[in-house]
Amino acid sequence: MGFRNLGLLGSFAKEGLEKAFSLGKFFCFLHVTDTYLVTFVVTSGPSMLPTIDLIPTMFLGERISTRFGKVTRGDIVIIRSPQNPRKLIAKRLAGMEDDTVTYISNPDEPDKQETIVVPKGHVWIQGDNAYKSNDSRNFGAVPYGLIQHRLFWRVWPIKGFGPFWKH
Amino acid sequence: MGFRNLGLLGSFAKEGLEKAFSLGKFFCFLHVTDTYLVTFVVTSGPSMLPTIDLIPTMFFGERISTRFGKVTCGDIVIIRSPQNPRKLLAKRLVGMEDDTVTYISNPDEPDKQETIVVPKGHVWIQGDNAYKSNDSRNFGAVPYGLIQHRLFWRVWPIKGFGPFWKH
């Protein structure tokens with residue numbers, strides 16, 4: 001009886017290992033797609049109103065433009081926060097390298113404008129909601145290397161489903 | 001004759017596709033290992049003399065410490081350049097966030113020291129070769145999110161093979 005159970009156990013183990021391998025292969029495929037092509041992104045928060053609602057909203061984000069340096073002014077990107085490397089933030093690219101950006105640091109004083117030239121290899125990001133956005137007006141230009149994805153398609157909520165080009 | 005060739009073509013195509021799939025699965029596995037665990041890194045250039053020779057040198061770089069925030073002062077890391085997002089640099093971490101770093105911006109004038117506090121979410125990197133290194137003394141503190149790998153094992157040249165801990 002012991003020998004028969006051992007045989008059964010062996011075949012269970014083999015089946016389990018095979019399924020684990022399939023799962024592993026599937027995960028690898030997902031991960032490569034996620035890193036190089038396209039991934040789901042969920043945003044939340046008020047800093048991109050009215051373009052993006054503050055409720056959790058799901059988008060498709062792609063990494064092809066970011067890798068080839070094809071993102072431009074007006075694109076909405078997911079970028080790793082320079083203040084906390086564990087946080088990802090969704091902001092609009094307001095200036096590329098060598099651009100001259102004129103911004104209002106405090107929206108309650110619209111006359112106090114400041115101008116800055118974006119250094120090489122950096123970008124200037126701003127949230128559409130100037131009153132409630134922690135962005136380059138606070139922490140300065142950020143290195144291009146922190147950009148993760150470019151949002152190009154809104155998935156959820158359903159009523160907003162569709163292309164998400166320049167707004 | 002046409003029909004038989006079509007059958008042969010079909011089986012070649014099928015075999016080609018299967019091999020392409022196997023190659024694809026292998027690439028996915030390599031990529032996941034590369035992104036999350038360990039990868040080969042080749043460095044060249046004089047900015048880390050005498051620790052790293054200027055000839056092309058191969059290392060193992062790991063991403064586990066970087067992902068969990070466990071890199072510390074003294075580690076040698078591969079970091080994406082804030083000046084050019086397509087370039088990777090190998091430098092030593094000299095200061096973590098909230099550290100006070102005192103440095104000499106020009107090694108020809110060793111008395112002119114400058115002090116700076118590293119902002120939150122940033123690190124201060126310097127090459128061991130103060131005369132020929134483009135690092136934080138030039139472009140300031142860099143966001144932690146740009147760190148890619150931590151070098152921990154020297155692979156090539158053979159005479160240097162072995163652990164690459166704090167030097």
# chains A, B, ... in the order shown; residues from 1 in each chain; ligands from 1
>>> closest_atom_pairs(of="chain B", to="chain A", cutoff="6 Å", atoms="only C-alpha atoms", output="JSON lines")
{"residue": "B:Cys28", "atom": "CA", "partner": "A:Cys28", "partner_atom": "CA", "distance": 5.0}
{"residue": "B:Phe29", "atom": "CA", "partner": "A:Cys28", "partner_atom": "CA", "distance": 5.7}
{"residue": "B:Pro82", "atom": "CA", "partner": "A:Pro143", "partner_atom": "CA", "distance": 4.9}
{"residue": "B:Gln83", "atom": "CA", "partner": "A:Gly121", "partner_atom": "CA", "distance": 4.2}
{"residue": "B:Asn84", "atom": "CA", "partner": "A:Gly121", "partner_atom": "CA", "distance": 4.7}
{"residue": "B:Pro85", "atom": "CA", "partner": "A:Gly145", "partner_atom": "CA", "distance": 4.8}
{"residue": "B:Lys120", "atom": "CA", "partner": "A:Gln83", "partner_atom": "CA", "distance": 5.5}
{"residue": "B:Gly121", "atom": "CA", "partner": "A:Gln83", "partner_atom": "CA", "distance": 4.3}
{"residue": "B:Pro143", "atom": "CA", "partner": "A:Pro82", "partner_atom": "CA", "distance": 5.0}
{"residue": "B:Tyr144", "atom": "CA", "partner": "A:Pro85", "partner_atom": "CA", "distance": 5.8}
{"residue": "B:Gly145", "atom": "CA", "partner": "A:Pro85", "partner_atom": "CA", "distance": 4.9}
>>> select_by_dssp(residues="range 93-167 of chain A", states="alpha helix (DSSP H)", output="MDAnalysis selection string")
chainID A and resid 136:139
>>> atom_distance(atom1="CA of Arg4 in chain A", atom2="CA of Ser22 in chain A")
27.3 Å
>>> residues_around(residues="range 107-118 of chain B", least_positions_apart="6", cutoff="12 Å", atoms="only C-alpha atoms", output="list in words")
Gln83 of chain A; Leu93, Val94, Gly95, Met96, Glu97, Asp98, Asp99, Thr100, Val101, Trp124, Ile125, Asp128, Asn129, Ala130, Tyr131, Lys132, Ser133, Ser136, Arg137, Gly140, Ala141, Val142, Pro143 and Tyr144 of chain B
>>> write_last_selection(atoms="N, CA and C atoms", output="mmCIF file, in the first residue's frame")
data_model
loop_
_atom_site.group_PDB
_atom_site.id
_atom_site.type_symbol
_atom_site.label_atom_id
_atom_site.label_comp_id
_atom_site.auth_asym_id
_atom_site.auth_seq_id
_atom_site.Cartn_x
_atom_site.Cartn_y
_atom_site.Cartn_z
ATOM 1 N N GLN A 83 10.430 62.023 -5.308
ATOM 2 C CA GLN A 83 10.450 62.201 -3.862
ATOM 3 C C GLN A 83 10.336 60.869 -3.138
ATOM 4 N N LEU B 93 27.610 54.873 -4.471
ATOM 5 C CA LEU B 93 26.648 55.643 -3.681
ATOM 6 C C LEU B 93 27.373 56.256 -2.493
ATOM 7 N N VAL B 94 27.467 57.578 -2.496
ATOM 8 C CA VAL B 94 28.197 58.244 -1.436
ATOM 9 C C VAL B 94 27.250 58.789 -0.370
ATOM 10 N N GLY B 95 26.016 59.111 -0.770
ATOM 11 C CA GLY B 95 25.069 59.636 0.206
ATOM 12 C C GLY B 95 23.657 59.173 -0.099
ATOM 13 N N MET B 96 22.918 58.808 0.946
ATOM 14 C CA MET B 96 21.512 58.451 0.783
ATOM 15 C C MET B 96 20.663 59.665 1.169
ATOM 16 N N GLU B 97 19.328 59.512 1.114
ATOM 17 C CA GLU B 97 18.487 60.675 1.385
ATOM 18 C C GLU B 97 18.700 61.148 2.818
ATOM 19 N N ASP B 98 18.613 62.439 3.007
ATOM 20 C CA ASP B 98 18.789 63.110 4.306
ATOM 21 C C ASP B 98 20.222 63.087 4.822
ATOM 22 N N ASP B 99 21.168 62.543 4.024
ATOM 23 C CA ASP B 99 22.576 62.623 4.440
ATOM 24 C C ASP B 99 23.122 64.009 4.136
ATOM 25 N N THR B 100 24.135 64.404 4.900
ATOM 26 C CA THR B 100 24.850 65.632 4.582
ATOM 27 C C THR B 100 26.144 65.230 3.910
ATOM 28 N N VAL B 101 26.321 65.667 2.665
ATOM 29 C CA VAL B 101 27.492 65.261 1.891
ATOM 30 C C VAL B 101 28.414 66.460 1.729
ATOM 31 N N TRP B 124 23.226 60.494 -3.684
ATOM 32 C CA TRP B 124 24.376 61.242 -4.180
ATOM 33 C C TRP B 124 25.410 60.242 -4.656
ATOM 34 N N ILE B 125 25.773 60.338 -5.949
ATOM 35 C CA ILE B 125 26.704 59.361 -6.501
ATOM 36 C C ILE B 125 27.999 60.051 -6.895
ATOM 37 N N ASP B 128 34.929 56.971 -8.135
ATOM 38 C CA ASP B 128 36.120 56.943 -7.285
ATOM 39 C C ASP B 128 37.236 57.807 -7.851
ATOM 40 N N ASN B 129 37.254 58.016 -9.164
ATOM 41 C CA ASN B 129 38.287 58.809 -9.797
ATOM 42 C C ASN B 129 37.794 60.246 -9.885
ATOM 43 N N ALA B 130 38.147 61.053 -8.878
ATOM 44 C CA ALA B 130 37.576 62.394 -8.772
ATOM 45 C C ALA B 130 37.942 63.285 -9.943
ATOM 46 N N TYR B 131 39.060 62.952 -10.638
ATOM 47 C CA TYR B 131 39.502 63.831 -11.716
ATOM 48 C C TYR B 131 38.734 63.608 -13.000
ATOM 49 N N LYS B 132 38.168 62.414 -13.151
ATOM 50 C CA LYS B 132 37.600 62.092 -14.464
ATOM 51 C C LYS B 132 36.241 61.422 -14.295
ATOM 52 N N SER B 133 35.399 62.038 -13.495
ATOM 53 C CA SER B 133 34.102 61.430 -13.266
ATOM 54 C C SER B 133 33.008 62.483 -13.356
ATOM 55 N N SER B 136 27.432 63.300 -9.356
ATOM 56 C CA SER B 136 26.551 64.228 -8.643
ATOM 57 C C SER B 136 27.212 65.569 -8.374
ATOM 58 N N ARG B 137 28.562 65.618 -8.385
ATOM 59 C CA ARG B 137 29.217 66.914 -8.200
ATOM 60 C C ARG B 137 28.890 67.818 -9.393
ATOM 61 N N GLY B 140 24.225 67.076 -9.553
ATOM 62 C CA GLY B 140 23.410 67.075 -8.349
ATOM 63 C C GLY B 140 22.886 65.701 -7.961
ATOM 64 N N ALA B 141 22.105 65.675 -6.900
ATOM 65 C CA ALA B 141 21.535 64.425 -6.411
ATOM 66 C C ALA B 141 20.592 63.861 -7.465
ATOM 67 N N VAL B 142 20.538 62.540 -7.550
ATOM 68 C CA VAL B 142 19.661 61.915 -8.539
ATOM 69 C C VAL B 142 18.569 61.114 -7.824
ATOM 70 N N PRO B 143 17.370 61.050 -8.404
ATOM 71 C CA PRO B 143 16.288 60.282 -7.783
ATOM 72 C C PRO B 143 16.641 58.805 -7.666
ATOM 73 N N TYR B 144 16.261 58.218 -6.534
ATOM 74 C CA TYR B 144 16.533 56.806 -6.282
ATOM 75 C C TYR B 144 15.968 55.918 -7.380
#
>>> select_by_dssp(residues="range 30-160 of chain A", states="strand (DSSP E or B)", output="ChimeraX atom specification")
/A:38-43,57-62,76-80,88-95,100-104,113-117,122-126,142-143,147-156
>>> residues_around(residues="range 150-164 of chain A", least_positions_apart="5", cutoff="6 Å", atoms="only C-alpha atoms", output="JSON, numbers by chain")
{"A": [57, 58, 59, 60, 61, 62, 76, 77]}
>>> write_last_selection(atoms="C-alpha atoms", output="tab-separated table (two decimals), in the first residue's frame")
chain	number	residue	atom	x	y	z
A	57	THR	CA	-9.73	54.92	-13.35
A	58	MET	CA	-8.10	52.21	-15.44
A	59	PHE	CA	-6.00	52.92	-18.50
A	60	LEU	CA	-3.77	51.09	-20.93
A	61	GLY	CA	-0.22	52.37	-20.80
A	62	GLU	CA	2.44	51.60	-23.36
A	76	ILE	CA	0.03	61.98	-20.00
A	77	VAL	CA	2.63	59.66	-18.52
>>> residues_around(residues="Arg80 in chain B", least_positions_apart="6", cutoff="7 Å", atoms="only C-alpha atoms", output="PDB file with C-alpha atoms, in the first residue's frame")
ATOM      1  CA  GLY A 145      14.629  57.899 -17.129  1.00  0.00           C
TER       2      GLY A 145
ATOM      3  CA  LYS B  87      23.043  55.972 -20.888  1.00  0.00           C
ATOM      4  CA  LEU B  88      23.774  53.834 -17.846  1.00  0.00           C
ATOM      5  CA  LEU B  89      26.529  54.835 -15.438  1.00  0.00           C
ATOM      6  CA  LEU B 146      16.980  55.725 -11.542  1.00  0.00           C
ATOM      7  CA  ILE B 147      19.067  53.029  -9.833  1.00  0.00           C
ATOM      8  CA  GLN B 148      19.022  49.861 -11.925  1.00  0.00           C
TER       9      GLN B 148
END
>>> atom_distance(atom1="CA of Ile76 in chain B", atom2="CA of Thr102 in chain B")
18.8 Å
>>> residues_around(residues="Asn138 in chain A", least_positions_apart="2", cutoff="12 Å", atoms="only C-alpha atoms", output="list in words")
Ser81, Pro82, Gln83, Tyr103, Ile104, Ser105, Asn106, Trp124, Ile125, Gln126, Gly127, Ala130, Lys132, Ser133, Asn134, Asp135, Ser136, Gly140, Ala141 and Val142 of chain A
>>> atom_distance(atom1="CA of Gly61 in chain B", atom2="CA of Val42 in chain B")
9.7 Å
